Amino acid sequence: MPATVCVPRSIDPAKLAGIRARGAEVRVSEFPGYDETEDWAIEIAAAEGKRFLSAFDDVDVMAANGGTIAAEVLESFPEAKAFLLPVGGGGLAGGFAYLAREHDPSASIIGCQHEGSPGLALSLEKGAAVTRLPAIETSAGGIEGGIGRLPFEILRTRVDRVALLSEREIEDAVRWLLDRHQILVEPSGAVAVAALLTGKAGALAGPAAVVVTGRNVGYGTLSRIVGEPPPPMRESSP
């Protein structure tokens with residue numbers, strides 16, 4: 001099926017190469033962030049008579065993305081009582097939180113975000129989805145930008161709290177995962193681990209599942225991150 005994928009100019013080279021390798025037509029915008037690039041993609045779709053498909057603000061995407069992950073986690077770890085989720089546009093978090101709370105209404109959902117692009121946190125304060133945020137320079141581009149309206153409608157009644165992580169804390173989690181567990185994870189996918197390592201996730205009422213997503217990180221970015229030592233291991237480190 002032919003597809004045109006629009007990406008910001010700040011996309012990690014590894015992700016760009018991966019999308020192209022799978023046969024999609026890729027158009028790189030002149031914008032540094034996701035939100036302006038999405039607006040540009042919507043304009044292209046309208047001008048060329050194509051259907052625009054959001055990466056997160058869509059019920060089928062949420063079900064197939066976060067919903068599928070939640071089903072797999074609940075099958076393999078049914079005793080989990082808390083879930084730490086990376087949150088950007090909300091496609092993964094929205095689908096996951098919906099199914100997890102359907103499975104167990106008492107489950108604790110903790111959203112984890114970059115402090116420089118806290119779309120969910122701001123939306124909860126405002127009481128409405130903050131769909132557009134200024135672009136930031138970050139290696140965690142997958143969680144940069146505002147949150148979708150549909151994911152927010154799910155998350156607003158299901159998220160117990162939001163943990164906000166700095167760039168350094170997120171990259172520390174990448175180093176920690178590689179050094180302690182030999183797991184390569186891109187910064188966007190390590191944000192929930194960062195919330196756990198820093199204690200910003202707060203007290204966890206029971207066994208917790210930390211969702212770790214994605215390892216599409218280019219060599220240049222990875223070499224810079226791992227060029228520094230991993231954070232010291234606390235006695236209570238997971």
# chains A, B, ... in the order shown; residues from 1 in each chain; ligands from 1
>>> select_by_dssp(residues="stretch 137-195 of chain A", states="helix (DSSP H, G or I)", output="PyMOL selection string")
chain A and resi 141-143+149-155+167-181+187-195
>>> residues_around(residues="A:Glu228", least_positions_apart="5", cutoff="10 Å", atoms="only C-alpha atoms", output="PyMOL selection string")
chain A and resi 171-172+175+223
>>> write_last_selection(atoms="N, CA and C atoms", output="CSV table (one decimal), in the first residue's frame")
chain,number,residue,atom,x,y,z
A,171,GLU,N,18.5,10.5,29.1
A,171,GLU,CA,19.7,9.9,28.5
A,171,GLU,C,20.5,9.0,29.5
A,172,ASP,N,20.4,9.4,30.8
A,172,ASP,CA,21.0,8.5,31.9
A,172,ASP,C,20.3,7.2,31.8
A,175,ARG,N,21.7,5.1,29.1
A,175,ARG,CA,23.0,4.5,29.5
A,175,ARG,C,22.9,3.4,30.5
A,223,SER,N,26.4,7.3,20.2
A,223,SER,CA,27.8,7.4,20.7
A,223,SER,C,28.0,8.6,21.6
>>> residues_around(residues="stretch 75-86 of chain A", least_positions_apart="3", cutoff="8 Å", atoms="only C-alpha atoms", output="MDAnalysis selection string")
chainID A and resid 71:72 92:93 106:113 143 188:192 201 204:212
>>> write_last_selection(atoms="C-alpha atoms", output="compact mmCIF listing (two decimals), in the first residue's frame")
# COMPACT_ATOMS: atom_id res chain seq x y z
CA ALA A 71 -2.82 -7.06 26.00
CA GLU A 72 0.66 -8.61 25.78
CA LEU A 92 0.49 4.32 22.89
CA ALA A 93 -0.50 5.64 26.32
CA SER A 106 -7.78 0.03 40.39
CA ALA A 107 -4.63 -0.09 38.25
CA SER A 108 -2.29 2.87 38.60
CA ILE A 109 -1.29 4.65 35.38
CA ILE A 110 1.74 6.93 35.40
CA GLY A 111 2.48 9.01 32.33
CA CYS A 112 6.14 9.86 31.68
CA GLN A 113 7.12 12.89 29.61
CA ILE A 143 7.69 12.10 22.66
CA SER A 188 11.96 8.31 23.79
CA GLY A 189 11.56 4.69 24.81
CA ALA A 190 13.61 5.07 28.00
CA VAL A 191 11.61 7.90 29.58
CA ALA A 192 9.52 5.58 31.79
CA ALA A 201 7.33 7.88 39.36
CA LEU A 204 4.08 2.23 43.41
CA ALA A 205 1.16 0.30 44.89
CA GLY A 206 2.16 -3.22 43.92
CA PRO A 207 4.13 -4.83 41.10
CA ALA A 208 4.88 -2.40 38.27
CA ALA A 209 5.32 -2.80 34.53
CA VAL A 210 7.57 -0.25 32.86
CA VAL A 211 6.90 0.07 29.14
CA VAL A 212 10.14 0.39 27.14
>>> residues_around(residues="stretch 25-37 of chain A", least_positions_apart="3", cutoff="6 Å", atoms="only C-alpha atoms", output="list of chain:residue names")
A:Thr4, A:Val5, A:Cys6, A:Val7, A:Pro8, A:Arg9, A:Ser10, A:Trp40, A:Arg132, A:Ala135, A:Gly145
>>> write_last_selection(atoms="C-alpha atoms", output="short mmCIF file (atom, residue, chain, number, x, y, z; two decimals), in the first residue's frame")
data_model
loop_
_atom_site.label_atom_id
_atom_site.label_comp_id
_atom_site.auth_asym_id
_atom_site.auth_seq_id
_atom_site.Cartn_x
_atom_site.Cartn_y
_atom_site.Cartn_z
CA THR A 4 3.79 9.12 2.22
CA VAL A 5 5.36 9.77 5.62
CA CYS A 6 6.11 13.33 6.67
CA VAL A 7 8.85 13.82 9.27
CA PRO A 8 10.53 16.83 10.91
CA ARG A 9 14.04 17.81 9.93
CA SER A 10 15.24 16.79 13.40
CA TRP A 40 2.26 20.56 6.91
CA ARG A 132 0.48 22.17 19.84
CA ALA A 135 9.58 22.42 19.23
CA GLY A 145 4.99 17.83 20.77
#
>>> residues_around(residues="A:Ala55", least_positions_apart="3", cutoff="9 Å", atoms="only C-alpha atoms", output="VMD selection string")
chain A and resid 58 61 to 62 89 91
>>> select_by_dssp(residues="stretch 26-217 of chain A", states="strand (DSSP E or B)", output="PyMOL selection string")
chain A and resi 26-28+82-86+108-114+161-165+208-210
>>> write_last_selection(atoms="N, CA and C atoms", output="compact mmCIF listing (two decimals), in the first residue's frame")
# COMPACT_ATOMS: atom_id res chain seq x y z
N VAL A 26 9.19 9.34 1.78
CA VAL A 26 9.41 10.18 2.96
C VAL A 26 9.63 11.62 2.52
N ARG A 27 8.92 12.51 3.16
CA ARG A 27 9.11 13.94 2.93
C ARG A 27 9.56 14.58 4.24
N VAL A 28 10.70 15.23 4.17
CA VAL A 28 11.27 15.87 5.35
C VAL A 28 10.88 17.35 5.34
N ALA A 82 0.66 -1.40 38.62
CA ALA A 82 1.05 -0.06 38.20
C ALA A 82 1.72 -0.14 36.83
N PHE A 83 1.50 0.86 36.01
CA PHE A 83 2.05 0.88 34.65
C PHE A 83 2.67 2.24 34.39
N LEU A 84 3.95 2.25 34.02
CA LEU A 84 4.65 3.47 33.67
C LEU A 84 4.76 3.54 32.16
N LEU A 85 4.20 4.60 31.58
CA LEU A 85 4.07 4.68 30.13
C LEU A 85 4.72 5.94 29.57
N PRO A 86 5.47 5.81 28.47
CA PRO A 86 5.95 7.01 27.78
C PRO A 86 4.76 7.71 27.12
N SER A 108 -2.89 1.54 38.58
CA SER A 108 -2.29 2.87 38.60
C SER A 108 -1.58 3.14 37.28
N ILE A 109 -1.89 4.27 36.65
CA ILE A 109 -1.29 4.65 35.38
C ILE A 109 -0.45 5.90 35.59
N ILE A 110 0.82 5.81 35.24
CA ILE A 110 1.74 6.93 35.40
C ILE A 110 2.29 7.32 34.04
N GLY A 111 1.98 8.52 33.60
CA GLY A 111 2.48 9.01 32.33
C GLY A 111 3.86 9.63 32.51
N CYS A 112 4.77 9.37 31.57
CA CYS A 112 6.14 9.86 31.68
C CYS A 112 6.47 10.72 30.45
N GLN A 113 6.91 11.94 30.69
CA GLN A 113 7.12 12.89 29.61
C GLN A 113 8.43 13.65 29.77
N HIS A 114 8.86 14.25 28.67
CA HIS A 114 9.99 15.18 28.70
C HIS A 114 9.50 16.49 29.30
N ARG A 161 -0.94 10.16 37.71
CA ARG A 161 0.00 11.27 37.81
C ARG A 161 0.93 11.25 36.60
N VAL A 162 1.65 12.37 36.44
CA VAL A 162 2.59 12.52 35.33
C VAL A 162 3.98 12.81 35.90
N ALA A 163 4.97 12.07 35.43
CA ALA A 163 6.37 12.31 35.81
C ALA A 163 7.06 13.05 34.68
N LEU A 164 7.72 14.15 35.01
CA LEU A 164 8.41 14.96 34.01
C LEU A 164 9.92 14.77 34.17
N LEU A 165 10.59 14.40 33.10
CA LEU A 165 12.01 14.07 33.13
C LEU A 165 12.81 15.05 32.28
N ALA A 208 4.98 -3.40 39.33
CA ALA A 208 4.88 -2.40 38.27
C ALA A 208 5.45 -2.91 36.96
N ALA A 209 4.82 -2.53 35.88
CA ALA A 209 5.32 -2.80 34.53
C ALA A 209 5.77 -1.48 33.92
N VAL A 210 7.01 -1.45 33.47
CA VAL A 210 7.57 -0.25 32.86
C VAL A 210 7.66 -0.50 31.35
>>> decode(residues="stretch 111-193 of chain A", atoms="C-alpha atoms", output="PDB file, in the first residue's frame")
ATOM      1  CA  GLY A 111       2.483   9.011  32.330  1.00  0.00           C
ATOM      2  CA  CYS A 112       6.144   9.861  31.679  1.00  0.00           C
ATOM      3  CA  GLN A 113       7.123  12.892  29.611  1.00  0.00           C
ATOM      4  CA  HIS A 114       9.989  15.181  28.696  1.00  0.00           C
ATOM      5  CA  GLU A 115       9.828  18.243  30.931  1.00  0.00           C
ATOM      6  CA  GLY A 116      10.373  20.490  27.915  1.00  0.00           C
ATOM      7  CA  SER A 117       7.364  19.120  26.035  1.00  0.00           C
ATOM      8  CA  PRO A 118       4.781  18.155  28.688  1.00  0.00           C
ATOM      9  CA  GLY A 119       1.651  17.951  26.556  1.00  0.00           C
ATOM     10  CA  LEU A 120      -0.274  15.645  28.872  1.00  0.00           C
ATOM     11  CA  ALA A 121       0.691  17.481  32.052  1.00  0.00           C
ATOM     12  CA  LEU A 122      -0.348  20.827  30.585  1.00  0.00           C
ATOM     13  CA  SER A 123      -3.588  19.344  29.260  1.00  0.00           C
ATOM     14  CA  LEU A 124      -4.512  17.979  32.680  1.00  0.00           C
ATOM     15  CA  GLU A 125      -3.901  21.417  34.200  1.00  0.00           C
ATOM     16  CA  LYS A 126      -5.945  23.137  31.500  1.00  0.00           C
ATOM     17  CA  GLY A 127      -8.708  20.532  31.302  1.00  0.00           C
ATOM     18  CA  ALA A 128      -8.421  20.344  27.518  1.00  0.00           C
ATOM     19  CA  ALA A 129      -5.972  18.832  25.064  1.00  0.00           C
ATOM     20  CA  VAL A 130      -2.908  20.966  24.356  1.00  0.00           C
ATOM     21  CA  THR A 131      -2.306  19.781  20.820  1.00  0.00           C
ATOM     22  CA  ARG A 132       0.477  22.169  19.836  1.00  0.00           C
ATOM     23  CA  LEU A 133       3.719  22.965  21.644  1.00  0.00           C
ATOM     24  CA  PRO A 134       6.902  24.751  20.548  1.00  0.00           C
ATOM     25  CA  ALA A 135       9.577  22.422  19.232  1.00  0.00           C
ATOM     26  CA  ILE A 136      12.472  21.584  21.538  1.00  0.00           C
ATOM     27  CA  GLU A 137      15.952  20.262  20.870  1.00  0.00           C
ATOM     28  CA  THR A 138      15.975  16.729  22.214  1.00  0.00           C
ATOM     29  CA  SER A 139      17.224  13.255  21.443  1.00  0.00           C
ATOM     30  CA  ALA A 140      13.779  12.023  22.556  1.00  0.00           C
ATOM     31  CA  GLY A 141      11.966  13.230  19.453  1.00  0.00           C
ATOM     32  CA  GLY A 142       9.375  10.461  19.651  1.00  0.00           C
ATOM     33  CA  ILE A 143       7.694  12.096  22.662  1.00  0.00           C
ATOM     34  CA  GLU A 144       8.065  15.712  21.541  1.00  0.00           C
ATOM     35  CA  GLY A 145       4.995  17.828  20.772  1.00  0.00           C
ATOM     36  CA  GLY A 146       1.398  18.188  21.929  1.00  0.00           C
ATOM     37  CA  ILE A 147      -1.091  15.469  22.763  1.00  0.00           C
ATOM     38  CA  GLY A 148      -3.960  14.270  20.578  1.00  0.00           C
ATOM     39  CA  ARG A 149      -7.552  15.097  21.508  1.00  0.00           C
ATOM     40  CA  LEU A 150      -8.748  11.475  21.437  1.00  0.00           C
ATOM     41  CA  PRO A 151      -5.894  10.109  23.574  1.00  0.00           C
ATOM     42  CA  PHE A 152      -6.402  12.913  26.082  1.00  0.00           C
ATOM     43  CA  GLU A 153     -10.079  12.067  26.496  1.00  0.00           C
ATOM     44  CA  ILE A 154      -8.975   8.576  27.551  1.00  0.00           C
ATOM     45  CA  LEU A 155      -6.018   9.634  29.672  1.00  0.00           C
ATOM     46  CA  ARG A 156      -7.680  12.483  31.550  1.00  0.00           C
ATOM     47  CA  THR A 157      -9.738  10.018  33.616  1.00  0.00           C
ATOM     48  CA  ARG A 158      -7.208   7.201  33.765  1.00  0.00           C
ATOM     49  CA  VAL A 159      -3.803   8.745  34.517  1.00  0.00           C
ATOM     50  CA  ASP A 160      -2.999   8.987  38.210  1.00  0.00           C
ATOM     51  CA  ARG A 161       0.004  11.268  37.808  1.00  0.00           C
ATOM     52  CA  VAL A 162       2.591  12.516  35.327  1.00  0.00           C
ATOM     53  CA  ALA A 163       6.366  12.306  35.814  1.00  0.00           C
ATOM     54  CA  LEU A 164       8.414  14.957  34.014  1.00  0.00           C
ATOM     55  CA  LEU A 165      12.007  14.072  33.126  1.00  0.00           C
ATOM     56  CA  SER A 166      14.915  16.201  31.994  1.00  0.00           C
ATOM     57  CA  GLU A 167      17.034  15.514  28.915  1.00  0.00           C
ATOM     58  CA  ARG A 168      19.890  14.362  31.156  1.00  0.00           C
ATOM     59  CA  GLU A 169      17.665  12.015  33.162  1.00  0.00           C
ATOM     60  CA  ILE A 170      16.289  10.429  29.990  1.00  0.00           C
ATOM     61  CA  GLU A 171      19.741   9.899  28.501  1.00  0.00           C
ATOM     62  CA  ASP A 172      20.976   8.547  31.852  1.00  0.00           C
ATOM     63  CA  ALA A 173      18.263   5.893  31.541  1.00  0.00           C
ATOM     64  CA  VAL A 174      19.529   4.970  28.059  1.00  0.00           C
ATOM     65  CA  ARG A 175      23.033   4.525  29.489  1.00  0.00           C
ATOM     66  CA  TRP A 176      21.731   2.573  32.478  1.00  0.00           C
ATOM     67  CA  LEU A 177      19.731   0.154  30.324  1.00  0.00           C
ATOM     68  CA  LEU A 178      22.725  -0.473  28.076  1.00  0.00           C
ATOM     69  CA  ASP A 179      25.246  -0.808  30.899  1.00  0.00           C
ATOM     70  CA  ARG A 180      23.170  -2.806  33.397  1.00  0.00           C
ATOM     71  CA  HIS A 181      20.928  -4.852  31.123  1.00  0.00           C
ATOM     72  CA  GLN A 182      22.593  -4.716  27.676  1.00  0.00           C
ATOM     73  CA  ILE A 183      19.355  -3.363  26.209  1.00  0.00           C
ATOM     74  CA  LEU A 184      19.597  -0.721  23.493  1.00  0.00           C
ATOM     75  CA  VAL A 185      16.704   1.740  23.774  1.00  0.00           C
ATOM     76  CA  GLU A 186      16.177   5.095  22.082  1.00  0.00           C
ATOM     77  CA  PRO A 187      15.697   8.066  24.451  1.00  0.00           C
ATOM     78  CA  SER A 188      11.958   8.313  23.786  1.00  0.00           C
ATOM     79  CA  GLY A 189      11.560   4.693  24.812  1.00  0.00           C
ATOM     80  CA  ALA A 190      13.612   5.075  27.996  1.00  0.00           C
ATOM     81  CA  VAL A 191      11.605   7.903  29.578  1.00  0.00           C
ATOM     82  CA  ALA A 192       9.523   5.577  31.788  1.00  0.00           C
ATOM     83  CA  VAL A 193      12.704   3.906  33.047  1.00  0.00           C
TER      84      VAL A 193
END
